[in-house]
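What follows is a single structure, written as structure tokens, with notes after it.
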There are 2 protein chains.
Amino acid sequence: MTRALVLFAHGARNASWAAPFERLRAQAQARLPGVPVSLAFLELMEPRLPAHVAELAAQGATGITIVPVFLGQGGHLLRDLPLMVGQLQADHPQLAIEVAGAVGEDPDVLKAMSDYCVAAYAKTP
Amino acid sequence: MTRALVLFAHGARNASWAAPFERLRAQAQARLPGVPVSLAFLELMEPRLPAHVAELAAQGATGITIVPVFLGQGGHLLRDLPLMVGQLQADHPQLAIEVAGAVGEDPDVLKAMSDYCVAAYAKTP
């Protein structure tokens, strides 16, 4: 097994919340054939990140790239995620775990969002 | 005063969380000169949406376009926001309030996010 890509999202009570994250996963998967691309959540939805990474390790993953699908970097990314990753790295020393910056910090994502906001304003009667 | 654009975000305890939302506001403002473009929050950060819309109305706004800067549509957008907007519309009947879809549901935003995820994976050693 190769290095896996895990899209890490917050999770919510309402199942419909996950729809754009599922689409994001499918799009990334289509562009990375042969790479295991999956979603994992902080809370309220399954799988949770630690159990999911343990499962990927058990399946023989050599490494994990975690991309936080969050807009802002608050306590979840500044505190909760590093704690989880530290524990995962201790539990799975053979696994190379890398954490990318939050998607919301990417200039191209920001540009697409501002395009959308401007278009939404222009569309209002 | 004209129609205002309000970018509606969740809010967080950590002030650094708001940084990409501030950049988004500045980008949208640069492309909509003469339009009041502002941020408002559901919780934990100020201004909150109801107080902010009341202030815009008091300043003479003729309408408000609200763009939810959320990735998924969960309880906050499916239940909390419609309740707030219903109350705001009752309180300010002269104000035309329009609510756009969440930024995370936009195909171009999704495309930019999947580009970012794929690039983050490719960058990992």
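For the structure tokens, the naming scheme is as follows: chains receive sequential letters (A, B, ...) according to their order of presentation, residues are indexed from 1 within each chain, and ligands are indexed from 1 in presentation order.
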
Do me a favour and pick out the residues of chain A within 8 Å of chain B, using only C-alpha atoms, as a PyMOL selection string. chain A and resi 5+7+12-21+23-25+27-28+31-32+65+67+70-75+98+100+103-106+108-118+120-121+124

Going by DSSP on the backbone, which residues of chain B come out as helix (DSSP H, G or I)? List them as a PyMOL selection string. chain B and resi 15-31+49-58+75-91+103-105+107-123
